[in-house]
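J.: You'll find protein29.txt just under this line, and it carries compact mmCIF, C-alpha atoms and all ligand atoms.
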# COMPACT_ATOMS: atom_id res chain seq x y z
CA MET A 1 -23.22 0.05 4.92
CA THR A 2 -23.85 -1.60 1.56
CA GLN A 3 -27.23 0.10 0.88
CA PRO A 4 -27.40 3.62 -0.55
CA LEU A 5 -28.57 6.01 2.16
CA GLN A 6 -30.49 8.23 -0.30
CA PRO A 7 -32.84 7.09 -3.08
CA ASN A 8 -31.50 7.29 -6.68
CA VAL A 9 -27.96 7.67 -5.47
CA GLY A 10 -25.30 5.28 -6.72
CA ARG A 11 -23.01 3.37 -4.46
CA VAL A 12 -19.28 3.09 -4.07
CA ALA A 13 -17.02 0.17 -3.21
CA LEU A 14 -13.51 0.86 -1.92
CA VAL A 15 -11.68 -2.18 -3.27
CA GLY A 16 -8.17 -3.34 -2.47
CA ALA A 17 -6.38 -4.43 -5.64
CA GLY A 18 -3.60 -6.25 -3.78
CA PRO A 19 0.14 -5.60 -4.11
CA GLY A 20 0.44 -5.95 -7.90
CA ASP A 21 -0.03 -9.52 -9.13
CA PRO A 22 -3.53 -9.47 -10.66
CA GLU A 23 -4.26 -12.92 -9.20
CA LEU A 24 -3.97 -11.47 -5.71
CA ILE A 25 -7.18 -9.43 -5.86
CA THR A 26 -10.02 -11.08 -3.91
CA LEU A 27 -12.90 -12.86 -5.69
CA LYS A 28 -15.24 -10.20 -4.34
CA GLY A 29 -13.01 -7.38 -5.58
CA ALA A 30 -12.87 -8.97 -9.05
CA ARG A 31 -16.68 -9.37 -9.14
CA LEU A 32 -17.28 -5.76 -8.15
CA LEU A 33 -14.79 -4.60 -10.78
CA ARG A 34 -16.74 -6.50 -13.43
CA GLU A 35 -19.97 -4.85 -12.24
CA ALA A 36 -18.59 -1.31 -11.91
CA GLU A 37 -19.83 1.43 -14.23
CA VAL A 38 -17.05 3.78 -13.14
CA VAL A 39 -13.58 2.70 -11.93
CA ILE A 40 -11.37 5.28 -10.24
CA TYR A 41 -7.89 3.86 -9.76
CA ASP A 42 -4.34 4.53 -8.55
CA ASN A 43 -0.89 4.01 -10.05
CA LEU A 44 -0.16 1.10 -7.65
CA VAL A 45 -2.88 -1.03 -9.22
CA GLY A 46 -1.06 -3.91 -10.92
CA ASP A 47 -0.97 -4.40 -14.67
CA GLY A 48 -3.77 -6.65 -15.83
CA ILE A 49 -6.19 -5.87 -13.01
CA LEU A 50 -8.10 -3.33 -15.11
CA ASP A 51 -8.68 -6.09 -17.68
CA LEU A 52 -11.28 -7.36 -15.21
CA CYS A 53 -13.42 -4.23 -15.78
CA SER A 54 -16.38 -4.19 -18.10
CA PRO A 55 -15.38 -2.79 -21.50
CA THR A 56 -18.11 -0.16 -21.07
CA ALA A 57 -16.88 1.04 -17.67
CA GLU A 58 -15.53 4.55 -17.45
CA ARG A 59 -11.93 4.36 -16.17
CA ILE A 60 -10.42 7.35 -14.39
CA PHE A 61 -6.76 7.43 -13.32
CA VAL A 62 -6.10 9.49 -10.20
CA GLY A 63 -2.70 8.02 -9.38
CA LYS A 64 -0.12 9.75 -7.31
CA MET A 65 3.62 9.60 -7.72
CA ALA A 66 5.76 10.18 -4.58
CA GLY A 67 5.56 13.86 -3.67
CA GLN A 68 3.67 14.71 -6.84
CA HIS A 69 -0.11 14.36 -6.81
CA THR A 70 -1.80 14.06 -10.17
CA LEU A 71 -5.06 14.90 -8.39
CA PRO A 72 -5.27 16.31 -4.86
CA GLN A 73 -7.04 14.07 -2.33
CA GLU A 74 -9.96 16.54 -1.94
CA GLU A 75 -10.58 16.36 -5.68
CA ILE A 76 -10.50 12.57 -5.62
CA CYS A 77 -13.12 12.64 -2.86
CA ARG A 78 -15.24 15.14 -4.82
CA LEU A 79 -14.97 12.97 -7.94
CA LEU A 80 -16.14 9.91 -6.00
CA VAL A 81 -19.16 11.80 -4.66
CA ASP A 82 -20.01 13.38 -8.03
CA LYS A 83 -19.86 10.06 -9.88
CA ALA A 84 -21.96 8.29 -7.24
CA LEU A 85 -24.54 11.08 -7.36
CA THR A 86 -25.10 10.30 -11.05
CA GLY A 87 -26.61 7.01 -9.82
CA LYS A 88 -23.77 4.82 -11.05
CA PHE A 89 -21.93 2.04 -9.29
CA VAL A 90 -18.41 3.29 -8.64
CA VAL A 91 -15.41 1.18 -7.69
CA ARG A 92 -12.56 3.05 -6.06
CA LEU A 93 -9.67 0.69 -6.71
CA LYS A 94 -6.61 1.15 -4.52
CA GLY A 95 -3.26 -0.64 -4.39
CA GLY A 96 -2.88 -3.14 -1.54
CA ASP A 97 -5.57 -2.68 1.10
CA PRO A 98 -7.67 0.50 1.09
CA PHE A 99 -7.33 0.92 4.85
CA VAL A 100 -3.56 0.43 5.12
CA PHE A 101 -1.81 3.74 4.40
CA GLY A 102 -4.29 4.19 1.58
CA ARG A 103 -6.39 7.16 2.76
CA GLY A 104 -9.44 4.92 2.44
CA GLY A 105 -10.65 6.18 5.81
CA GLU A 106 -10.81 9.74 4.52
CA GLU A 107 -12.68 8.70 1.39
CA LEU A 108 -15.15 6.65 3.42
CA ASP A 109 -15.90 9.63 5.71
CA VAL A 110 -16.57 11.95 2.77
CA LEU A 111 -18.87 9.42 1.08
CA LEU A 112 -20.88 8.71 4.22
CA GLU A 113 -21.21 12.44 4.92
CA ALA A 114 -22.64 12.85 1.43
CA GLY A 115 -25.17 10.10 2.16
CA ILE A 116 -23.60 7.62 -0.23
CA GLY A 117 -23.48 3.93 0.67
CA CYS A 118 -20.00 2.51 0.72
CA GLU A 119 -18.69 -1.03 0.88
CA ILE A 120 -15.11 -1.91 1.78
CA VAL A 121 -13.35 -4.85 0.18
CA PRO A 122 -9.97 -5.65 1.75
CA GLY A 123 -6.85 -6.33 -0.28
CA VAL A 124 -3.50 -8.02 0.30
CA THR A 125 -1.29 -5.27 1.64
CA ALA A 126 2.22 -4.81 0.22
CA ALA A 127 3.96 -6.24 3.32
CA LEU A 128 2.12 -9.54 2.97
CA GLY A 129 2.79 -9.68 -0.77
CA ALA A 130 6.51 -8.99 -0.22
CA ALA A 131 6.90 -11.66 2.45
CA ALA A 132 5.12 -14.24 0.31
CA SER A 133 7.00 -13.35 -2.85
CA PHE A 134 10.44 -13.64 -1.28
CA GLY A 135 9.64 -16.49 1.08
CA PHE A 136 10.13 -15.09 4.58
CA PRO A 137 7.52 -15.05 7.35
CA LEU A 138 6.63 -11.79 9.09
CA THR A 139 6.33 -13.58 12.42
CA HIS A 140 8.19 -16.69 13.56
CA ARG A 141 8.38 -18.34 16.96
CA ASP A 142 12.18 -18.04 17.03
CA HIS A 143 12.56 -14.57 15.49
CA ALA A 144 9.55 -12.28 15.86
CA GLN A 145 6.52 -12.33 18.12
CA SER A 146 5.24 -9.05 16.75
CA CYS A 147 5.17 -7.23 13.45
CA VAL A 148 4.54 -3.52 13.03
CA PHE A 149 3.61 -1.61 9.89
CA VAL A 150 4.61 2.04 9.94
CA THR A 151 4.81 4.84 7.43
CA GLY A 152 8.10 6.61 6.90
CA HIS A 153 6.38 9.56 5.26
CA LEU A 154 4.54 12.02 7.45
CA LYS A 155 2.17 14.75 6.28
CA ASP A 156 4.88 17.42 6.72
CA HIS A 157 7.49 15.20 4.94
CA SER A 158 9.39 14.54 8.20
CA VAL A 159 10.14 11.10 9.69
CA ASP A 160 9.15 11.16 13.33
CA LEU A 161 8.43 7.68 14.63
CA ASN A 162 8.40 6.22 18.12
CA TRP A 163 11.95 4.86 17.80
CA PRO A 164 12.21 3.11 21.21
CA ALA A 165 8.92 1.30 20.54
CA LEU A 166 10.19 0.15 17.15
CA ALA A 167 13.65 -0.88 18.35
CA GLN A 168 12.38 -3.89 20.28
CA PRO A 169 13.93 -7.34 20.09
CA ASN A 170 11.98 -10.08 18.33
CA GLN A 171 9.90 -7.67 16.29
CA THR A 172 9.57 -7.26 12.54
CA ILE A 173 9.32 -3.68 11.30
CA VAL A 174 7.82 -3.01 7.87
CA ILE A 175 8.12 0.59 6.72
CA TYR A 176 5.95 1.86 3.90
CA MET A 177 6.97 5.02 2.00
CA GLY A 178 10.31 5.16 3.80
CA ILE A 179 12.86 5.29 1.00
CA THR A 180 13.51 9.04 1.18
CA GLY A 181 13.88 8.86 4.97
CA LEU A 182 16.30 5.93 5.08
CA ASP A 183 19.24 7.83 6.62
CA VAL A 184 17.09 8.99 9.54
CA ILE A 185 15.39 5.60 9.97
CA SER A 186 18.67 3.66 10.05
CA ALA A 187 20.39 6.12 12.41
CA GLN A 188 17.44 6.52 14.80
CA LEU A 189 16.78 2.79 15.14
CA GLN A 190 20.44 2.19 15.95
CA ALA A 191 20.46 5.09 18.43
CA ALA A 192 17.40 3.49 20.07
CA GLY A 193 19.34 0.26 20.56
CA LEU A 194 18.69 -1.94 17.52
CA PRO A 195 22.02 -3.53 16.45
CA GLY A 196 23.42 -2.27 13.14
CA ASP A 197 23.79 -5.87 11.93
CA THR A 198 20.06 -6.60 12.26
CA PRO A 199 18.96 -8.25 8.99
CA ALA A 200 17.08 -5.89 6.69
CA ALA A 201 15.88 -5.70 3.10
CA LEU A 202 14.57 -3.22 0.58
CA ILE A 203 11.80 -4.67 -1.55
CA TYR A 204 10.78 -2.95 -4.76
CA ARG A 205 7.42 -3.66 -6.46
CA ALA A 206 6.74 -6.94 -4.67
CA THR A 207 4.65 -9.39 -6.75
CA TRP A 208 5.09 -7.33 -9.95
CA PRO A 209 7.14 -8.85 -12.80
CA SER A 210 9.79 -6.18 -12.03
CA GLU A 211 10.03 -7.06 -8.31
CA ARG A 212 13.47 -6.88 -6.67
CA ILE A 213 14.82 -7.52 -3.21
CA TYR A 214 18.02 -6.02 -1.80
CA PRO A 215 19.01 -7.87 1.40
CA CYS A 216 21.31 -5.91 3.71
CA GLN A 217 21.59 -4.89 7.38
CA LEU A 218 20.04 -2.04 9.34
CA ALA A 219 23.29 -0.04 9.17
CA THR A 220 23.74 -0.55 5.42
CA LEU A 221 20.18 0.29 4.36
CA PRO A 222 20.96 3.83 3.11
CA ALA A 223 24.03 2.76 1.11
CA THR A 224 22.16 -0.23 -0.34
CA ALA A 225 19.36 2.03 -1.55
CA ARG A 226 21.83 4.51 -3.05
CA ASP A 227 24.03 1.87 -4.71
CA ASN A 228 21.05 0.14 -6.29
CA GLN A 229 19.05 3.31 -6.96
CA VAL A 230 16.04 1.87 -5.18
CA LYS A 231 13.01 4.07 -5.84
CA PRO A 232 9.40 3.96 -4.61
CA PRO A 233 7.26 1.96 -4.48
CA ALA A 234 9.40 -0.03 -2.07
CA LEU A 235 9.20 -1.39 1.45
CA ILE A 236 11.85 -1.53 4.13
CA VAL A 237 11.76 -4.70 6.23
CA ILE A 238 13.90 -4.95 9.37
CA GLY A 239 14.20 -7.96 11.67
CA GLY A 240 15.55 -11.47 12.09
CA VAL A 241 12.85 -12.93 9.84
CA VAL A 242 14.60 -11.45 6.80
CA SER A 243 17.42 -13.99 7.28
CA LEU A 244 14.88 -16.78 6.64
CA MET A 245 14.32 -15.56 3.07
CA LYS A 246 13.97 -18.41 0.57
CA ALA A 247 14.17 -16.43 -2.68
CA ASP A 248 16.13 -13.45 -3.88
CA ASN A 249 17.09 -11.92 -7.18
CA SER A 250 20.88 -11.93 -6.81
C1 LIG B 301 0.24 5.00 -0.28
S1 LIG B 301 1.01 3.52 0.27
C2 LIG B 301 -0.25 2.39 -0.17
C3 LIG B 301 -0.18 1.09 0.58
C4 LIG B 301 -1.27 0.13 0.15
N1 LIG B 301 -2.56 0.60 0.55
C5 LIG B 301 -1.05 -1.28 0.71
O1 LIG B 301 -1.87 -1.74 1.51
O2 LIG B 301 -0.06 -1.91 0.33
C6 LIG B 301 2.21 3.30 -0.97
C7 LIG B 301 3.46 2.60 -0.46
O3 LIG B 301 3.17 1.24 -0.24
C8 LIG B 301 4.32 0.47 -0.53
N2 LIG B 301 3.99 -0.46 -1.62
C9 LIG B 301 2.81 -0.59 -2.24
N3 LIG B 301 2.83 -1.61 -3.11
C10 LIG B 301 4.09 -2.12 -3.05
C11 LIG B 301 4.74 -3.22 -3.68
N4 LIG B 301 4.11 -3.99 -4.58
N5 LIG B 301 6.02 -3.49 -3.33
C12 LIG B 301 6.66 -2.74 -2.42
N6 LIG B 301 6.10 -1.69 -1.79
C13 LIG B 301 4.83 -1.40 -2.09
C14 LIG B 301 5.43 1.44 -0.90
O4 LIG B 301 6.13 1.78 0.28
C15 LIG B 301 4.62 2.60 -1.41
O5 LIG B 301 5.37 3.80 -1.38
Before anything else, please render the file you have as structure tokens.
Ligand SMILES: C[S@@+](CC[C@H](N)C(=O)[O-])C[C@H]1O[C@@H](n2cnc3c(N)ncnc32)[C@H](O)[C@@H]1O

T.:
Amino acid sequence: MTQPLQPNVGRVALVGAGPGDPELITLKGARLLREAEVVIYDNLVGDGILDLCSPTAERIFVGKMAGQHTLPQEEICRLLVDKALTGKFVVRLKGGDPFVFGRGGEELDVLLEAGIGCEIVPGVTAALGAAASFGFPLTHRDHAQSCVFVTGHLKDHSVDLNWPALAQPNQTIVIYMGITGLDVISAQLQAAGLPGDTPAALIYRATWPSERIYPCQLATLPATARDNQVKPPALIVIGGVVSLMKADNS
């Protein structure tokens, strides 16, 4: 997939920037950023990562704030195709990993349909950054034999998850984009049988200098978010592993 499929057509790399800390981008991602002639990036790309770009690279911000798109996804896809068709090497830089709740799959489809070669470079997804930053494992022989990543934000803005499947013992649940749905998430997981005193945490901007963690319990998640005015980007982590946390900001 790394070769252009048409002659004289540029190529694109979908690169994961990691969760925020610029040192958490991969060596390959950093090399491709240095080589890129065009860099199209999001608002979740950590400060300092763009310093890796060539000073002559064209930088285009297409970031999205929650519920408010600065550029619709179709236009981002069109921009990627248009820039690649000029023959340039384009890096599409995305927060975390491009294939974890990042719409990288949609961008890849559009590029391949347009006959443009595309390379994928994975990144450290936010859940892994958060666990590392605050010193708790996502799996542990005594606490969690599985770990699920889910999105709390559906296309139609509802929260409709498979609650019984999530409310399993010995499982860590990491919810991306769930802050606005916290009341529903907390109530539905309890209704599905997860005890209200299950350890939980809200984690804001993991691995950024402004990172914060708010430890609580499943039942107190909504109040904790309200009392501390927790805003996106933040993760919700639920499960016994949270009680193993080695670092917090309190
Ligand atoms: C569109 S998703 C992108 C996820 C990204 N592709 C990844 O792999 O981490 C955006 C959501 O990811 C979560 N997120 C991303 N970076 C984060 C960070 N550094 N700390 C906490 N949550 C983060 C938040 O839930 C945010 O609303």

J.: Atom CA of A:Ser210 to atom CA of A:Leu128: how many Å, to one decimal?

T.: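 Between atom CA of A:Ser210 and atom CA of A:Leu128 the gap works out to 17.2 Å.
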
J.: I need the residue nearest A:Ile49 from this list: A:Asp142, A:Trp208, A:Gly87, A:Ala201. Use all atoms listed in the file for the distance.

T.: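 Comparing A:Asp142, A:Trp208, A:Gly87, A:Ala201 against A:Ile49, the winner is A:Trp208.
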
J.: Would you mind telling me which residue in A:Gly117, A:Gly63, A:Pro215, A:Pro232 lies nearest to ligand LIG 301 (chain B) when using only C-alpha atoms and all ligand atoms?

T.: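 Among the listed residues, A:Pro232 lies closest to ligand LIG 301 (chain B).
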
J.: What does the list of residues within 6 Å of ligand LIG 301 (chain B) look like if you count only C-alpha atoms and all ligand atoms, written as a ChimeraX atom specification?

T.: /A:19-20,95-98,100-102,125-126,176-177,203-207,232-235

J.: Return as JSON lines the residues of stretch 93-149 of chain A lying at most 8 Å from stretch 73-77 of chain A, together with the closest atom-to-atom pair for each and the distance in Å to one decimal, counting all atoms listed in the file, with rows in chain order and ascending residue number.

T.:
{"residue": "A:Glu107", "atom": "CA", "partner": "A:Cys77", "partner_atom": "CA", "distance": 5.8}
{"residue": "A:Val110", "atom": "CA", "partner": "A:Cys77", "partner_atom": "CA", "distance": 6.6}
{"residue": "A:Leu111", "atom": "CA", "partner": "A:Cys77", "partner_atom": "CA", "distance": 7.7}

J.: Rounded to one decimal place, report the atom CA of A:Leu33-atom CA of A:Leu71 distance in Å.

T.: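 Those two atoms sit 21.9 Å apart.
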
J.: Ranking A:Asn170, A:Ala223, A:Ile213, A:Glu37 by minimum distance to A:Gly135 and counting only C-alpha atoms, which one comes first?

T.: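 Smallest distance to A:Gly135 is found for A:Ile213.
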
J.: Could you tell me which of A:Val12, A:Leu221, A:Pro72, A:Val174 comes closest to A:Ala130 if we count all atoms listed in the file?

T.: A:Val174

J.: Go ahead and compute the interatomic distance for atom CA of A:Ala225 and atom CA of A:Ile238, in Å to one decimal.

T.: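 Pair atom CA of A:Ala225 / atom CA of A:Ile238 returns 14.1 Å.
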
J.: Write out as a list in words the residues lying within 8 Å of A:Asp42, counting all atoms listed in the file and excluding same-chain residues fewer than 4 positions away.

T.: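 My list of contacting residues is Phe61, Val62, Gly63, Lys64, Leu93, Lys94 and Gly95 of chain A.
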
J.: Of the residues A:Ser243, A:Ser54, A:Thr139, A:Asn43, which is the one nearest to A:Gln171, using all atoms listed in the file?

T.: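 Distance minimum relative to A:Gln171 lands on A:Thr139.
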
J.: For stretch 158-167 of chain A, work out the shell of residues within 7 Å, counting all atoms listed in the file and skipping chain neighbours fewer than 6 positions away, then give it as number ranges by chain.

T.: A: 152, 181, 188-189, 192-194

J.: Hey, can you pull every residue with an atom no more than 6 Å from (-25.1, 10.1, -2.4), using only C-alpha atoms, and send it as number ranges by chain?

T.: A: 9, 85, 114-116

J.: Can you write out the residues you just picked, keeping C-alpha atoms, as a PDB file, in the frame of the given file?

T.:
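Saved file selection.pdb follows:
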ATOM      1  CA  VAL A   9     -27.960   7.670  -5.470  1.00  0.00           C
ATOM      2  CA  LEU A  85     -24.540  11.080  -7.360  1.00  0.00           C
ATOM      3  CA  ALA A 114     -22.640  12.850   1.430  1.00  0.00           C
ATOM      4  CA  GLY A 115     -25.170  10.100   2.160  1.00  0.00           C
ATOM      5  CA  ILE A 116     -23.600   7.620  -0.230  1.00  0.00           C
TER       6      ILE A 116
END

J.: Using only C-alpha atoms, can you tell me which of A:Leu44, A:Val15, A:Leu52, A:Leu32 comes closest to A:Val121?

T.: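 Under the stated criterion, the closest residue is A:Val15.
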